[in-house]
Each structure stands twice: as C-alpha cells, then as structure tokens.
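> Here it is, the structure in full.
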Amino acid sequence: ELAKSILGKGPDRKWGQVVEGFPKPKGDAHTATVIWLHGLGDTGFGWAPVTESFGMPHVKFIFPTAPVEPVTLNNGMEMPSWFDLVGLSSDSQEDSDRILSSAAYLASLVQKEVDAGVPCDRIVVAGFSQGGAIALTAGLMMMDAPIAGLVAASTWLPSVVSPTDVGLAAPLLMCHGESDPVVMFKWGKMSHDKAVKFGVKSEFKSYPGMEHGFCPEEMADVSAFLQSRLPKI
C-alpha cells in the first residue's frame, strides 16, 4: 500500500499532534472514520470544532497536524506545513518529495484505522487548501482497497499524482470559493476537470463571493456528502 511504498523515503520529518474531534463516538458507535487535514500554518485543533456541526455520532473524526518546517513562500518562516511552497502560480516548483511523504503519512493513518477494525469503505479522507492537496494525493494513489470518498476544499491537484485503479474508485467532492485570492478558483476547477479525465467520479461545488475559507453552504454540502458516503449502520 501507499504508506509502505513511500514512507521512509525522502526527508526525515516530525509529525505533529493528531487531534480527535469532539464529541467522540462511544464504544460500538464508532463505525466510520473521517481524517481531515488542515491548511498551511494551521493545526489539527483548528478544524476539530467542525465535528459537532456534522452531526454524525457514529463517525470518529481525526485531525492530524503537519510538521513544523520552513516555508519558502513565507520567507523561510517555520510553521505547520505538509510540504514546501515556493509560489502560488501554476508554474511554481512543486515539492514532490514532501507531498508524497505527507500522502504516505495520511495513508498510514488510514491503515491504522483499518487495523483497528474500520473497513476502507467506511473511511473518508478530506482536507482544506494544502491539506486538500495531500488528501487528493493519498486518496487517488491508494493501492489496497478504495476508501469511501474524498473531500477537497479550496485546493488543487498536485502534478505528482499518478492515480491507481483503486484510487480512481473513490468518489470525490471538490469545493471552492469563486473569489479565492490564495488558491485561484480556476485552479480548483481545472483540478476537478483533470480528476474527471483521470476517471474519478467527481462533483464540483462553487460558492460566489467566498474567498479562501469555509462557508455555511459548503459545510452543508460536505455534510451531505459525508452522510451519503458514511451512513449510520
């Protein structure tokens, strides 16, 4: 699987704290898992509060935290970052090593859930911005069994992604603000179109006036997707 094939290659990295959403499922109520990755400069704590809004007590939400590393785009300042960013243009150099390293780490978290008894088809990986790029990479490059779905918010598809047949089987929801000044809306739409060309069953939701954030309408769309992919059993 992806983690075994990639983990250990590339840079040596120190992963941050893994935060669980609240309220946590009780006992046998945990029948599914969502692993959600934050954006640049954030932590797992930044997204953990959204758990309650989804109203899915049978789902365990996990919010990993990226390693604290220098970011070229921010003058080398150290911050939680899934990979280095040189620029925000379509032709900016891509940090393929760390993208794959982070994707392998995410895949290892999926494997940990599987080892604990949660089937792949009851696991969704999701992410916002930089975290969404990692969710797309890991999800589309899975090698063992398809996961239940992918959620990619205000993000883009890294060029290093080489989808597998297993990865292509997972349905994808992409969401993007039409006024995003950080990850341009057209990049999100182009990434969706590329995923569709790969063969992914992808849905693209856009939000007029939304910048680089997460709005109530998007919350409702993500919630509906999660409910459809991870119903209570």
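FYI, nothing fancy with the structure tokens labels: chains A, B, ... in order, residues from 1 per chain, ligands from 1 as they appear.
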Residues of segment 66-233 of chain A classed as helix (DSSP H, G or I) by DSSP on the backbone are to be reported as an NGL selection string.

:A and (72-74 or 96-115 or 120-122 or 130-140 or 165-168 or 185-198 or 216-229)

> Name all residues at most 7 Å from segment 69-75 of chain A (count only C-alpha atoms; drop same-chain ones fewer than 6 positions away) and give them as a count of residues only.

5

> May I ask which of the residues A:Pro67, A:Pro208, A:Gly177, A:Gly139 is the closest one to Cys120 of chain A, counting only C-alpha atoms?

A:Gly139

> Can you tell me how far atom CA of Thr31 of chain A sits from atom CA of Ala135 of chain A, in Å to one decimal?

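Between atom CA of Thr31 of chain A and atom CA of Ala135 of chain A the gap works out to 20.9 Å.
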
> Go through A:Ser223, A:Ser228, A:Ser154, A:Thr164 one by one, measure the shortest atom-to-atom distance of each to Tyr207 of chain A using only C-alpha atoms, and give the residue with the smallest value.

A:Ser154

> So which residues of segment 16-140 of chain A fall under strand (DSSP E or B) by DSSP, listed as an mmCIF file with C-alpha atoms, in the first residue's frame?


```cif
data_model
loop_
_atom_site.group_PDB
_atom_site.id
_atom_site.type_symbol
_atom_site.label_atom_id
_atom_site.label_comp_id
_atom_site.auth_asym_id
_atom_site.auth_seq_id
_atom_site.Cartn_x
_atom_site.Cartn_y
_atom_site.Cartn_z
ATOM 1 C CA VAL A 19 -6.410 15.618 17.370
ATOM 2 C CA GLU A 20 -9.729 13.813 17.668
ATOM 3 C CA ALA A 32 -16.617 5.015 10.315
ATOM 4 C CA THR A 33 -13.737 7.494 10.251
ATOM 5 C CA VAL A 34 -13.011 10.853 8.622
ATOM 6 C CA ILE A 35 -9.380 12.024 8.504
ATOM 7 C CA TRP A 36 -9.218 15.777 7.818
ATOM 8 C CA LEU A 37 -6.020 17.712 7.024
ATOM 9 C CA VAL A 59 -18.072 8.691 12.959
ATOM 10 C CA LYS A 60 -14.677 9.310 14.517
ATOM 11 C CA PHE A 61 -13.068 12.485 13.162
ATOM 12 C CA ILE A 62 -9.267 12.671 13.166
ATOM 13 C CA PHE A 63 -7.331 15.901 12.567
ATOM 14 C CA VAL A 68 6.746 22.489 11.587
ATOM 15 C CA GLU A 69 9.075 23.284 8.690
ATOM 16 C CA PRO A 70 10.429 26.315 6.783
ATOM 17 C CA VAL A 71 8.166 27.606 4.001
ATOM 18 C CA MET A 77 9.428 31.097 8.308
ATOM 19 C CA GLU A 78 8.770 27.835 10.140
ATOM 20 C CA MET A 79 5.139 26.768 10.504
ATOM 21 C CA PRO A 80 2.969 23.640 10.231
ATOM 22 C CA LEU A 85 5.531 26.149 -1.171
ATOM 23 C CA GLU A 94 6.369 21.595 -6.667
ATOM 24 C CA ILE A 123 -13.159 5.862 5.729
ATOM 25 C CA VAL A 124 -13.155 9.305 4.072
ATOM 26 C CA VAL A 125 -10.050 11.474 3.719
ATOM 27 C CA ALA A 126 -10.510 15.213 3.458
ATOM 28 C CA GLY A 127 -8.515 18.403 3.549
ATOM 29 C CA PHE A 128 -8.524 22.167 3.175
#
```

> I'd like the neighbourhood of Ile99 of chain A as a short mmCIF file (atom, residue, chain, number, x, y, z; two decimals) with N, CA and C atoms, in the first residue's frame, where a residue qualifies if any of its atoms comes within 10 Å (using only C-alpha atoms), though same-chain residues fewer than 6 positions away should be ignored.


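As written to disk, selection-v5.cif reads:
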```cif
data_model
loop_
_atom_site.label_atom_id
_atom_site.label_comp_id
_atom_site.auth_asym_id
_atom_site.auth_seq_id
_atom_site.Cartn_x
_atom_site.Cartn_y
_atom_site.Cartn_z
N TRP A 82 2.45 20.83 5.23
CA TRP A 82 2.50 19.47 4.69
C TRP A 82 3.59 19.33 3.64
N PHE A 83 3.97 20.46 3.01
CA PHE A 83 5.07 20.47 2.04
C PHE A 83 5.48 21.91 1.81
N ASP A 84 6.63 22.11 1.23
CA ASP A 84 7.12 23.46 0.98
C ASP A 84 6.36 24.09 -0.19
N TYR A 105 2.09 9.42 4.93
CA TYR A 105 1.70 9.53 6.35
C TYR A 105 0.19 9.43 6.49
N GLN A 130 -3.79 23.35 1.44
CA GLN A 130 -2.63 22.48 1.33
C GLN A 130 -2.96 21.06 1.79
N GLY A 131 -3.78 20.95 2.82
CA GLY A 131 -4.21 19.64 3.30
C GLY A 131 -5.06 18.91 2.29
N ALA A 133 -4.67 19.11 -0.93
CA ALA A 133 -3.75 18.57 -1.94
C ALA A 133 -3.19 17.22 -1.50
N ILE A 134 -2.94 17.08 -0.19
CA ILE A 134 -2.44 15.81 0.33
C ILE A 134 -3.55 14.76 0.33
N THR A 137 -3.82 13.48 -3.13
CA THR A 137 -2.68 12.63 -3.49
C THR A 137 -2.81 11.24 -2.88
N ALA A 138 -3.06 11.19 -1.59
CA ALA A 138 -3.17 9.90 -0.90
C ALA A 138 -4.38 9.11 -1.40
N PRO A 158 -2.05 18.13 -7.10
CA PRO A 158 -0.61 18.20 -7.41
C PRO A 158 -0.27 17.42 -8.67
N VAL A 160 2.27 15.68 -9.21
CA VAL A 160 2.96 14.43 -8.92
C VAL A 160 1.99 13.24 -8.82
N VAL A 161 0.69 13.52 -8.72
CA VAL A 161 -0.29 12.46 -8.52
C VAL A 161 -0.36 11.54 -9.75
#
```

> Would you mind telling me which residue in A:Glu211, A:Val114, A:Arg122, A:Ser101 lies nearest to Lys232 of chain A when using only C-alpha atoms?

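Nearest candidate to Lys232 of chain A out of A:Glu211, A:Val114, A:Arg122, A:Ser101: A:Arg122.
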
> Using only C-alpha atoms, pick whichever of A:Lys112, A:His176, A:Phe214, A:Gln227 has the shortest atom-to-atom distance to Trp47 of chain A.

A:Phe214

> Counting only C-alpha atoms, figure out which residue out of A:Trp187, A:Phe198, A:Asp193, A:Glu178 gets nearest to Ser162 of chain A.

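Result for the nearest residue to Ser162 of chain A: A:Phe198.
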
> Quick one: everything within 7 Å of Pro146 of chain A, counting only C-alpha atoms, minus sequence neighbours fewer than 5 positions away in the same chain. Send it as a list in words.

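Once the nearby chain positions are removed, what remains is Cys120, Asp121, Val166, Gly167, Ala169 and Ala170 of chain A.
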